[in-house]
Each structure stands twice: as structure tokens, then as C-alpha cells.
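Participant: Supplied in C-alpha cells, the structure appears directly below.
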There are 2 protein chains.
Amino acid sequence: MVAAGPGCVTDGVHDAEMDVATGLVQLTGLVQGIYTRVSERHDLTPVQARLLCVLLGGPRGMAELARCFGVEKAALTGLMNRAERRGLAQRSSVPGDRRAVQVTLTDAGRQAAIAFHAEVSAELGHLTSQLTPHDRELFRGMTAEIIARCRTSSLSDTC
Amino acid sequence: MVAAGPGCVTDGVHDAEMDVATGLVQLTGLVQGIYTRVSERHDLTPVQARLLCVLLGGPRGMAELARCFGVEKAALTGLMNRAERRGLAQRSSVPGDRRAVQVTLTDAGRQAAIAFHAEVSAELGHLTSQLTPHDRELFRGMTAEIIARCRTSSLSDTC
DNA sequence: TATTGTTATACTCTATAACTATA
DNA sequence: TATAGTTATAGAGTATAACAATA
């Protein structure tokens with residue numbers, strides 16, 4: 001049983017019979033809601049926010065980003081056009097390969113990315129703040145375990 | 001520590017230092033990916049699949065659905081137009097109120113909803129199948145706890 | 001031939017604003 | 001006036017298909 005301290009079961013709303021699948025769907029909705037809300041607060045769409053966060057890891061090619069987002073190359077073109085028009089990221093040419101472009105953050109983009117990332121991390125952290133430190137670490141570990149398993153069995157974003 | 005059985009730490013990829021926030025984002029991506037993939041398998045968009053699942057709970061009004069999805073009424077009109085055109089759901093008039101419409105599933109819609117729900121539940125269940133029964137129940141409980149807390153502190157779908 | 005990226009087109013989903021009809 | 005729903009318009013995000021340029 002989950003260290004069920006007082007206050008866990010909210011007034012009259014006992015978490016009766018919620019199976020893992022339902023829990024995962026609702027948790028996903030919660031996380032998405034937070035991600036979207038923080039994005040809006042920073043005047044970004046969720047997809048733009050995600051793009052900026054990925055680019056914090058360094059320059060990326062268009063095809064690489066498409067793979068990472070799990071979308072077609074053509075979708076990236078539109079995404080980058082909008083990001084570039086808004087001054088968040090930019091294309092530059094790659095020395096060795098005249099076909100390729102390199103996508104990098106502008107200063108404004110980097111600033112936005114850092115601010116967004118900090119805020120969304122903080123808000124997501126709050127989500128588990130009610131758990132005991134012990135449960136919180138348990139939860140973190142199990143989440144990491146689930147992800148690690150699925151990373152191997154294909155199909156996830158690789159970025 | 002999470003009952004760290006063999007095979008949890010995947011070849012060379014130790015889940016080093018993944019914080020709760022990152023874990024939640026990646027888990028969300030995983031769940032979304034599954035939801036989307038299963039939707040496609042049933043020739044539905046994720047939003048349509050969600051609409052059908054909500055309607056499994058009984059007839060709903062347009063405004064009610066909009067509130068439940070966290071979108072404007074106008075968005076629901078488009079959503080329902082497409083769902084109706086595809087024969088998944090239908091509008092019918094409400095006896096007591098000549099402004100209102102009632103949205104219900106068609107037979108095809110109900111069938112699709114049930115099939116989708118079963119499949120997505122199964123796939124999401126697999127996500128935690130690597131955990132020990134004990135850990136799995138712990139995870140379920142903590143997830144339910146997180147959701148219950150946030151249900152009270154506003155901002156989530158109420159449906 | 002394979003890869004990188006773009007253009008053109010179409011569809012879904014969403015928001016905002018203005019509107020009708022009913023309560 | 002408030003509520004239920006629609007229409008019109010605009011924009012983001014995505015897919016497919018066809019294309020250009022380079023490797």
C-alpha cells in the first residue's frame with residue numbers, strides 16, 4: 001500500500017478502483033496540461049517549447065529533429081519557419097555538406113528555453129510533492145524503469 | 001530503491017540522474033505515443049478516440065463536452081461535425097430545452113469505442129508489466145494519489 | 001541511388017469573434 | 001441577461017506526394 005497519509009484521500013473522492021491504464025491516461029493529461037499552460041505563459045506553443053528544449057542539447061539537422069519528434073521532414077520545415085519567423089531558432093549551413101542545414105537557438109530562443117525548462121520542471125516537481133520523500137524516490141525510480149524498458153523496445157523519441 | 005531486478009537497467013543505458021520532471025515528460029510521451037498508435041489502428045484521431053470514450057459514459061451536451069475537453073464550444077462543433085460525418089456519433093434534440101442537443105454514440109461508434117478502450121488499456125497495462133506485482137500496485141496507488149490531489153486543486157478535465 | 005531539405009495541398013484541431021435561438 | 005450552439009475566419013501542426021540539390 002502506498003504510505004496513505006491523511007489528506008491523500010480527498011474529501012469524498014476516494015480513488016476507487018482506478019486501474020493502471022486509467023491512471024496513466026489521467027496522469028498524462030495532467031502533465032500535458034501543465035506543459036501547455038507553462039508554454040502559453042512563455043508565449044510558446046507546446047511543440048515550439050519542445051523544439052527549444054531539444055535544441056538546448058546542441059545544434060541539430062532537420063532530418064534529425066524530424067526523427068526525434070516522430071514526424072515527417074516536411075512538418076519540420078513548417079515548424080522551423082514559424083520558429084525562425086519568431087526569432088527563436090535559426091538555420092545555418094553546414095560546412096561539410098551543402099544539402100544540410102544546422103538548426104541552432106538564437107539568444108532569445110536560448111533564454112526562452114531555459115526559462116521554460118526551469119518553470120515546467122518546477123511545476124512537474126510539485127506534482128509529486130505530496131508524496132513522502134521515500135515514495136517520491138520510489139516513483140521516480142519506477143518511472144525511469146518503465147522508460148528505460150520502452151527505450152529499448154523501439155518506438156520512442158530518440159533525442 | 002525500486003526492486004531493481006535484472007534486465008531493468010538496459011544494456012549500457014543506466015537511468016542515470018533522471019529527475020521526476022524528466023521522467024514525467026518522457027512517460028507522458030510514451031503514453032501519448034501508445035494512445036495515438038492505437039487510435040490510428042482503429043482509424044481514429046486521438047481526439048476522436050477520446051470523444052468516443054467519454055461518450056461511453058452516456059449522452060453529453062456540447063457545452064458539457066467542451067468543458068470536459070478544456071476547449072471552446074466552437075471547437076466541439078467541428079469535432080462533432082467530423083465525428084457525425086464519419087458515423088461515429090450523432091446529435092439529437094433534448095425534450096426539455098430547445099436550444100440544447102444531446103450527443104450520443106452510434107452503434108459503430110460504440111463498437112469502435114469499446115474496441116479502442118480495450119486495446120489501449122491492454123497496451124498501457126503492458127507498460128508496467130515489468131514491475132513486480134508489489135511495485136505495480138505501489139505505482140498504481142501513487143499515480144491515483146497524484147491525480148486525486150490535482151483533481152481538487154482545479155485545472156483538470158472534469159469528466 | 002540515397003539523403004537532405006523544400007514546396008504544394010489537404011486535413012484535423014484550436015481560438016476568437018459575431019451571431020441565432022431559447023431560457 | 002444568460003445559456004446552448006453555430007458560423008466565419010485564422011493559425012498551428014501534421015501527412016502525402018512531388019521536387020531540387022547534393023552525396
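Here's how to read the names in the C-alpha cells: chain A, B, ... by the order shown, residue numbers from 1 in each chain, ligand numbers from 1 in the order shown.
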For chain A against chain C, with a cut-off of 9 Å and counting only C-alpha atoms (C1' of nucleotides), what is the closest atom pair and its distance in Å to one decimal for every residue that makes the cut, ordered by chain and number, as a Markdown table?
Facilitator:
```
| residue | atom | partner | partner_atom | distance |
| --- | --- | --- | --- | --- |
| A:Met62 | CA | C:DG5 | C1' | 7.5 |
| A:Ala63 | CA | C:DT4 | C1' | 7.3 |
| A:Lys73 | CA | C:DG5 | C1' | 7.7 |
| A:Ala74 | CA | C:DT6 | C1' | 7.6 |
| A:Thr77 | CA | C:DT6 | C1' | 7.5 |
| A:Arg98 | CA | C:DT4 | C1' | 8.9 |
| A:Arg99 | CA | C:DT4 | C1' | 5.3 |
| A:Ala100 | CA | C:DT4 | C1' | 5.5 |
| A:Val101 | CA | C:DG5 | C1' | 8.1 |
```
Participant: Would you mind listing, for every residue of chain A within 12 Å of chain D, the two atoms forming the shortest contact and the distance between them in Å to one decimal, using only C-alpha atoms (C1' of nucleotides), sorted by chain and ascending residue number, as CSV?
Facilitator:
```
residue,atom,partner,partner_atom,distance
A:Leu44,CA,D:DA12,C1',11.2
A:Thr45,CA,D:DA12,C1',8.4
A:Pro46,CA,D:DA12,C1',10.5
A:Val47,CA,D:DG13,C1',8.5
A:Gln48,CA,D:DA12,C1',10.2
A:Ala66,CA,D:DT14,C1',11.8
A:Phe69,CA,D:DT14,C1',11.6
A:Gly70,CA,D:DT14,C1',10.8
A:Val71,CA,D:DT14,C1',7.7
A:Glu72,CA,D:DA15,C1',7.6
A:Lys73,CA,D:DA15,C1',10.3
A:Ala74,CA,D:DA15,C1',8.7
A:Ala75,CA,D:DT14,C1',6.3
A:Leu76,CA,D:DG13,C1',9.7
A:Thr77,CA,D:DG13,C1',11.2
A:Gly78,CA,D:DG13,C1',8.5
A:Leu79,CA,D:DG13,C1',8.0
A:Met80,CA,D:DG13,C1',11.8
A:Asn81,CA,D:DA12,C1',11.7
A:Arg82,CA,D:DA12,C1',9.2
A:Ala83,CA,D:DA12,C1',11.5
A:Gly96,CA,D:DA23,C1',10.5
A:Asp97,CA,D:DT22,C1',7.8
A:Arg98,CA,D:DT22,C1',6.4
A:Arg99,CA,D:DT22,C1',5.4
A:Ala100,CA,D:DT22,C1',8.9
```
Participant: Considering only C-alpha atoms, give me a table of residues in chain A that are at most 7 Å from chain B, with the closest atom pair and distance in Å for each, as JSON lines.
Facilitator:
```
{"residue": "A:Met1", "atom": "CA", "partner": "B:Leu138", "partner_atom": "CA", "distance": 6.1}
{"residue": "A:Val2", "atom": "CA", "partner": "B:Leu138", "partner_atom": "CA", "distance": 5.6}
{"residue": "A:Cys8", "atom": "CA", "partner": "B:Glu145", "partner_atom": "CA", "distance": 6.1}
{"residue": "A:Thr10", "atom": "CA", "partner": "B:Ala148", "partner_atom": "CA", "distance": 6.5}
{"residue": "A:Asp15", "atom": "CA", "partner": "B:Ala144", "partner_atom": "CA", "distance": 6.2}
{"residue": "A:Met18", "atom": "CA", "partner": "B:Ala144", "partner_atom": "CA", "distance": 6.9}
{"residue": "A:Asp19", "atom": "CA", "partner": "B:Arg140", "partner_atom": "CA", "distance": 6.9}
{"residue": "A:Val20", "atom": "CA", "partner": "B:Arg140", "partner_atom": "CA", "distance": 5.3}
{"residue": "A:Ala21", "atom": "CA", "partner": "B:Leu124", "partner_atom": "CA", "distance": 5.2}
{"residue": "A:Gly23", "atom": "CA", "partner": "B:Thr143", "partner_atom": "CA", "distance": 6.0}
{"residue": "A:Leu27", "atom": "CA", "partner": "B:Ile147", "partner_atom": "CA", "distance": 6.4}
{"residue": "A:Thr28", "atom": "CA", "partner": "B:Thr28", "partner_atom": "CA", "distance": 4.9}
{"residue": "A:Leu30", "atom": "CA", "partner": "B:Ser156", "partner_atom": "CA", "distance": 6.7}
{"residue": "A:Val31", "atom": "CA", "partner": "B:Thr28", "partner_atom": "CA", "distance": 6.9}
{"residue": "A:Ser121", "atom": "CA", "partner": "B:Ala21", "partner_atom": "CA", "distance": 5.2}
{"residue": "A:Leu124", "atom": "CA", "partner": "B:Ala21", "partner_atom": "CA", "distance": 5.2}
{"residue": "A:Gly125", "atom": "CA", "partner": "B:Ala21", "partner_atom": "CA", "distance": 5.6}
{"residue": "A:Leu127", "atom": "CA", "partner": "B:Ile146", "partner_atom": "CA", "distance": 6.5}
{"residue": "A:Thr128", "atom": "CA", "partner": "B:Ile146", "partner_atom": "CA", "distance": 6.5}
{"residue": "A:Leu138", "atom": "CA", "partner": "B:Val2", "partner_atom": "CA", "distance": 5.8}
{"residue": "A:Phe139", "atom": "CA", "partner": "B:Phe139", "partner_atom": "CA", "distance": 6.7}
{"residue": "A:Arg140", "atom": "CA", "partner": "B:Val20", "partner_atom": "CA", "distance": 5.3}
{"residue": "A:Gly141", "atom": "CA", "partner": "B:Val2", "partner_atom": "CA", "distance": 5.8}
{"residue": "A:Met142", "atom": "CA", "partner": "B:Val2", "partner_atom": "CA", "distance": 6.3}
{"residue": "A:Thr143", "atom": "CA", "partner": "B:Gly23", "partner_atom": "CA", "distance": 6.0}
{"residue": "A:Ala144", "atom": "CA", "partner": "B:Gly23", "partner_atom": "CA", "distance": 6.0}
{"residue": "A:Glu145", "atom": "CA", "partner": "B:Cys8", "partner_atom": "CA", "distance": 6.2}
{"residue": "A:Ile146", "atom": "CA", "partner": "B:Thr128", "partner_atom": "CA", "distance": 6.5}
{"residue": "A:Ile147", "atom": "CA", "partner": "B:Leu27", "partner_atom": "CA", "distance": 6.4}
{"residue": "A:Ala148", "atom": "CA", "partner": "B:Thr10", "partner_atom": "CA", "distance": 6.6}
{"residue": "A:Arg149", "atom": "CA", "partner": "B:Cys8", "partner_atom": "CA", "distance": 6.7}
{"residue": "A:Ser156", "atom": "CA", "partner": "B:Leu30", "partner_atom": "CA", "distance": 6.7}
```
Participant: So the first atom is CA of His42 (chain B) and the second is CA of Gln90 (chain B); what is the distance between them in Å, to one decimal place?
Facilitator: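 About the pair CA of His42 (chain B) and CA of Gln90 (chain B): they are 19.0 Å apart.
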Participant: Write out as a VMD selection string all residues of chain B that backbone DSSP assigns to helix (DSSP H, G or I).
Facilitator: chain B and resid 20 to 41 46 to 55 62 to 69 73 to 85 107 to 127 133 to 152
Participant: For a test of reading the model, state the distance in Å between CA of Pro133 (chain B) and CA of Ala115 (chain B), rounded to one decimal.
Facilitator: 26.3 Å
Participant: Which residues, written as a list of chain:residue names, have at least one atom at most 8 Å from region 103-109 of chain A, with only C-alpha atoms (C1' of nucleotides) counted and residues fewer than 6 positions away on the same chain left out?
Facilitator: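 Listed by chain and then number, they are A:Leu52, A:Leu55, A:Leu56, A:Gly58, A:Pro59, A:Arg60, A:Gly61, A:Met62, A:Gly87, A:Leu88, A:Ala89, A:Gln90, A:Arg91, A:Ser92.
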Participant: As an NGL selection string, list the residues of region 4-155 of chain A assigned to strand (DSSP E) by DSSP on the backbone atoms of this structure.
Facilitator: :A and (89-94 or 97-105)
Participant: What does the distance from CA of Val54 (chain B) to CA of Thr36 (chain A) come to in Å, to one decimal?
Facilitator: 21.7 Å
